[in-house]
Structures are given as structure tokens and as C-alpha cells.
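Participant: Following this line is work.cif, made up of mmCIF, C-alpha atoms:
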data_target
#
loop_
_atom_site.label_atom_id
_atom_site.label_comp_id
_atom_site.auth_asym_id
_atom_site.auth_seq_id
_atom_site.Cartn_x
_atom_site.Cartn_y
_atom_site.Cartn_z
CA GLN A 1 -0.50 22.30 -0.52
CA VAL A 2 -1.43 19.18 -2.46
CA GLN A 3 -4.61 17.11 -2.37
CA LEU A 4 -4.46 13.35 -2.87
CA ALA A 5 -7.14 10.91 -3.96
CA GLU A 6 -6.66 7.15 -4.12
CA SER A 7 -8.64 4.87 -6.40
CA GLY A 8 -8.52 1.37 -7.81
CA GLY A 9 -9.26 -0.68 -4.74
CA GLY A 10 -11.70 -3.55 -4.69
CA LEU A 11 -12.29 -7.21 -4.02
CA VAL A 12 -9.93 -9.72 -5.62
CA GLN A 13 -9.12 -13.40 -5.14
CA ALA A 14 -5.78 -14.50 -3.76
CA GLY A 15 -3.21 -14.53 -6.53
CA GLY A 16 -4.93 -11.73 -8.39
CA SER A 17 -3.79 -8.21 -9.18
CA LEU A 18 -4.93 -4.65 -8.65
CA ARG A 19 -3.47 -1.29 -9.60
CA LEU A 20 -4.06 1.59 -7.26
CA SER A 21 -3.79 5.19 -8.37
CA CYS A 22 -3.06 8.29 -6.35
CA ALA A 23 -4.10 11.44 -8.16
CA ALA A 24 -2.63 14.70 -6.93
CA SER A 25 -3.88 18.22 -7.37
CA GLY A 26 -2.66 21.57 -6.13
CA ARG A 27 1.02 22.36 -6.11
CA THR A 28 3.61 20.93 -8.46
CA PHE A 29 3.39 17.17 -8.05
CA SER A 30 6.91 16.47 -9.17
CA ARG A 31 8.38 18.15 -6.11
CA TYR A 32 6.88 15.52 -3.84
CA ALA A 33 8.20 12.16 -2.80
CA MET A 34 5.33 9.69 -2.58
CA GLY A 35 4.62 6.77 -0.31
CA TRP A 36 2.03 4.04 0.00
CA PHE A 37 0.88 2.78 3.38
CA ARG A 38 -1.86 0.42 4.48
CA GLN A 39 -3.95 -0.16 7.56
CA ALA A 40 -5.72 -3.39 8.37
CA PRO A 41 -8.54 -3.53 10.93
CA GLY A 42 -7.17 -3.32 14.45
CA LYS A 43 -3.64 -2.61 13.27
CA GLU A 44 -1.47 0.43 12.88
CA ARG A 45 -0.82 2.00 9.52
CA GLU A 46 2.25 0.42 8.00
CA PHE A 47 4.68 1.28 5.26
CA VAL A 48 4.25 -0.48 1.91
CA GLY A 49 6.56 1.34 -0.47
CA ALA A 50 7.85 4.72 -1.58
CA ILE A 51 9.13 6.47 -4.67
CA SER A 52 11.37 9.47 -5.08
CA TRP A 53 10.40 12.74 -6.71
CA SER A 54 12.24 11.78 -9.89
CA GLY A 55 10.80 8.28 -9.92
CA ALA A 56 14.29 6.83 -10.20
CA GLY A 57 14.34 5.43 -6.68
CA THR A 58 11.91 3.06 -5.00
CA TYR A 59 11.87 1.15 -1.74
CA TYR A 60 9.53 -1.57 -0.48
CA ALA A 61 8.56 -3.29 2.71
CA ASP A 62 9.84 -6.84 2.86
CA SER A 63 6.27 -8.16 2.94
CA VAL A 64 5.52 -6.83 -0.55
CA LYS A 65 8.93 -6.91 -2.20
CA GLY A 66 8.80 -8.72 -5.53
CA ARG A 67 4.99 -8.50 -5.68
CA PHE A 68 4.24 -4.75 -5.58
CA THR A 69 5.65 -2.04 -7.84
CA ILE A 70 5.41 1.71 -7.38
CA SER A 71 5.62 4.12 -10.27
CA ARG A 72 4.65 7.68 -11.04
CA ASP A 73 3.77 9.87 -13.97
CA ASN A 74 4.63 13.44 -13.08
CA ALA A 75 3.03 14.76 -16.24
CA GLU A 76 -0.25 13.19 -15.12
CA ASN A 77 0.24 14.07 -11.43
CA THR A 78 -0.38 10.46 -10.52
CA ALA A 79 1.39 7.76 -8.58
CA TYR A 80 0.60 4.08 -8.92
CA LEU A 81 0.85 0.92 -6.87
CA GLN A 82 0.75 -2.24 -8.97
CA MET A 83 -0.06 -5.18 -6.72
CA ASN A 84 0.44 -8.70 -8.04
CA ASN A 85 0.07 -12.11 -6.45
CA LEU A 86 -2.16 -10.65 -3.76
CA ARG A 87 -2.61 -12.50 -0.49
CA PRO A 88 -5.39 -12.34 2.11
CA GLU A 89 -2.95 -10.63 4.47
CA ASP A 90 -2.74 -7.73 1.99
CA THR A 91 -6.33 -6.82 2.89
CA ALA A 92 -6.33 -3.26 4.19
CA VAL A 93 -7.17 0.33 3.43
CA TYR A 94 -4.38 1.70 1.27
CA TYR A 95 -3.28 5.31 1.60
CA CYS A 96 -0.90 7.43 -0.40
CA GLY A 97 1.15 10.17 1.17
CA ALA A 98 3.16 13.06 -0.23
CA LYS A 99 6.16 14.87 1.15
CA GLU A 100 7.62 18.02 -0.38
CA VAL A 101 11.31 17.49 -0.96
CA ARG A 102 14.38 19.34 -2.16
CA TYR A 103 16.24 16.43 -3.66
CA SER A 104 14.98 14.28 -6.48
CA THR A 105 16.34 11.04 -5.02
CA SER A 106 14.94 11.24 -1.47
CA ILE A 107 12.72 8.39 -0.26
CA TYR A 108 10.81 8.28 3.01
CA THR A 109 9.48 5.26 4.86
CA SER A 110 8.04 6.72 8.06
CA LEU A 111 4.47 7.90 8.56
CA ARG A 112 5.75 10.99 10.31
CA ASP A 113 7.69 12.10 7.26
CA TYR A 114 4.63 12.71 5.12
CA ASP A 115 2.85 16.03 4.94
CA TYR A 116 -0.30 15.11 3.04
CA TRP A 117 -2.57 12.07 2.87
CA GLY A 118 -5.42 10.79 0.80
CA ARG A 119 -8.55 9.25 2.28
CA GLY A 120 -7.64 5.72 1.29
CA THR A 121 -9.05 2.94 -0.86
CA GLN A 122 -10.14 -0.48 0.39
CA VAL A 123 -8.41 -3.60 -0.89
CA THR A 124 -9.91 -6.94 0.05
CA VAL A 125 -8.25 -10.21 -0.92
CA SER A 126 -10.31 -13.36 -0.52
CA SER A 127 -8.77 -16.77 0.01
#
Would you mind writing the file out in C-alpha cells?

Facilitator:
Amino acid sequence: QVQLAESGGGLVQAGGSLRLSCAASGRTFSRYAMGWFRQAPGKEREFVGAISWSGAGTYYADSVKGRFTISRDNAENTAYLQMNNLRPEDTAVYYCGAKEVRYSTSIYTSLRDYDYWGRGTQVTVSS
């Protein structure tokens, strides 16, 4: 089992940047594919982006492509979500998820795929 804790959220003006972190503890972090999701008030949790176990592969939702970047440091048991050029519509609680995988290149985009979740961190973008 792995425990996840997000941090780095906050209030930022439109056009600004934030970097979210997802710190993992428990089992070997590098055997987990990671994903970032977000949930705005009154909406369902939606996929933002994902990264493979090896870190070599990433995939993004169209709404954030070119603005957000996911990375990971397996030695530090941490995944990151760099968010640039933020927009008011990016306002949401951001969650990281982890899925134990066999293959280093696997990426997952569905909520149902993930085994573990953090509690989330609030990101608010003002116009």
C-alpha cells in the first residue's frame, strides 16, 4: 500500500504558475504509475494528466496540454504537476492517484484505474 499527500496549492492570478507535489510513502514508489485529477465545485473529478512508472511517458487532457507538465522523482518518491498560464477554469481541488503496474511505460487516464488517492490540494485562480 502507498500513501499520497498533495501540496503546493494556493491562490494565484490568471496567467500565473503553481507547482503541485505528490509525496508518496509506503511501498516502492517507482512501481506506480501516477495521475493527476481535479474536481471543481459541482462537477465530477476529471483527468488532468498522467505519467508512467519510468517517467518516460506522459499524457495530458486537451484542456491543459501545453500549459501543464507532469514529472516525477522516484528517488524522492514524489510526483509533480507544474501548472503555467493558469486560467480561472483551472480552479479546483487537485488530487494525485497511484496505480501499481507491471510495465514501466503504462499510463492510465481513468479514475477507476487508480488504487490510491491523496486528499487533494486546493488551487484557486482569480481573474

Participant: Running the PyMOL selection byres ((chain A and resi 85) around 8) on this model by hand, what would come out? Give it as a ChimeraX atom specification.

Facilitator: /A:14-17,67,83-84,86-87

Participant: Using all atoms listed in the file for the distances, tell me which of A:Glu6, A:Glu44, A:Glu100, A:Asp73 is nearest to Asp113 of chain A.

Facilitator: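 Closest candidate: A:Glu100.
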
Participant: In terms of the shortest atom-to-atom distance over all atoms listed in the file, which of A:Gln3, A:Ser54, A:Gly118, A:Ser110 is closest to Gly97 of chain A?

Facilitator: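 Closest candidate: A:Gly118.
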
Participant: What's the separation between atom CA of Ser71 of chain A and atom CA of Met34 of chain A, in Å to one decimal place?

Facilitator: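 Taking atom CA of Ser71 of chain A and atom CA of Met34 of chain A, their separation equals 9.5 Å.
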
Participant: Choose the residue, out of A:Ala92, A:Val12, A:Ala5, A:Ala56, that has the smallest atom-to-atom separation from Ala40 of chain A; count all atoms listed in the file.

Facilitator: A:Ala92

Participant: So, counting all atoms listed in the file, which residue among A:Leu4, A:Gly55, A:Trp36, A:Leu20 is closest to Ser106 of chain A?

Facilitator: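 Going through A:Leu4, A:Gly55, A:Trp36, A:Leu20 one by one, the smallest distance to Ser106 of chain A is for A:Gly55.
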
Participant: Expressed in Å to a single decimal, how great is the separation between atom CA of Asn77 of chain A and atom CA of Gly9 of chain A?

Facilitator: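 Here the two named atoms are 18.8 Å from each other.
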
Participant: Please provide as a PyMOL selection string all residues within 12 Å of Arg102 of chain A, with the sequence filter that same-chain residues fewer than 4 positions apart are discarded (counting all atoms listed in the file).

Facilitator: chain A and resi 30-33+52-54+106-107

Participant: Choose the residue, out of A:Thr78, A:Ala23, A:Gln13, A:Tyr108, that has the smallest atom-to-atom separation from Gly49 of chain A; count only C-alpha atoms.

Facilitator: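 With only C-alpha atoms as the atom set, the closest residue is A:Tyr108.
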
Participant: Given the PyMOL selection byres ((chain A and resi 61) around 8) and the file above, list the residues it selects as a PDB file with C-alpha atoms, in the frame of the given file.

Facilitator:
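Result file is part.pdb:
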ATOM      1  CA  PHE A  47       4.680   1.280   5.260  1.00  0.00           C
ATOM      2  CA  VAL A  48       4.250  -0.480   1.910  1.00  0.00           C
ATOM      3  CA  GLY A  49       6.560   1.340  -0.470  1.00  0.00           C
ATOM      4  CA  TYR A  59      11.870   1.150  -1.740  1.00  0.00           C
ATOM      5  CA  TYR A  60       9.530  -1.570  -0.480  1.00  0.00           C
ATOM      6  CA  ASP A  62       9.840  -6.840   2.860  1.00  0.00           C
ATOM      7  CA  SER A  63       6.270  -8.160   2.940  1.00  0.00           C
ATOM      8  CA  VAL A  64       5.520  -6.830  -0.550  1.00  0.00           C
ATOM      9  CA  LYS A  65       8.930  -6.910  -2.200  1.00  0.00           C
TER      10      LYS A  65
END

Participant: Using all atoms listed in the file - which residues lie no farther than 12 Å from the point (-2.3, -0.6, 8.2) in the file's frame? Write them as a ChimeraX atom specification.

Facilitator: /A:36-48,89-96,111,120-123

Participant: Could you write out the selected residues, including C-alpha atoms, as a compact mmCIF listing (two decimals), in the coordinates of the input?

Facilitator:
# COMPACT_ATOMS: atom_id res chain seq x y z
CA TRP A 36 2.03 4.04 0.00
CA PHE A 37 0.88 2.78 3.38
CA ARG A 38 -1.86 0.42 4.48
CA GLN A 39 -3.95 -0.16 7.56
CA ALA A 40 -5.72 -3.39 8.37
CA PRO A 41 -8.54 -3.53 10.93
CA GLY A 42 -7.17 -3.32 14.45
CA LYS A 43 -3.64 -2.61 13.27
CA GLU A 44 -1.47 0.43 12.88
CA ARG A 45 -0.82 2.00 9.52
CA GLU A 46 2.25 0.42 8.00
CA PHE A 47 4.68 1.28 5.26
CA VAL A 48 4.25 -0.48 1.91
CA GLU A 89 -2.95 -10.63 4.47
CA ASP A 90 -2.74 -7.73 1.99
CA THR A 91 -6.33 -6.82 2.89
CA ALA A 92 -6.33 -3.26 4.19
CA VAL A 93 -7.17 0.33 3.43
CA TYR A 94 -4.38 1.70 1.27
CA TYR A 95 -3.28 5.31 1.60
CA CYS A 96 -0.90 7.43 -0.40
CA LEU A 111 4.47 7.90 8.56
CA GLY A 120 -7.64 5.72 1.29
CA THR A 121 -9.05 2.94 -0.86
CA GLN A 122 -10.14 -0.48 0.39
CA VAL A 123 -8.41 -3.60 -0.89

Participant: Quick one: distance from atom CA of Ile70 of chain A to atom CA of Ser7 of chain A in Å, one decimal?

Facilitator: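 The value is 14.4 Å.
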
Participant: Which of these residues is nearest to Gly35 of chain A, using all atoms listed in the file: A:Val125, A:Leu81, A:Ala98, A:Val2?

Facilitator: A:Ala98
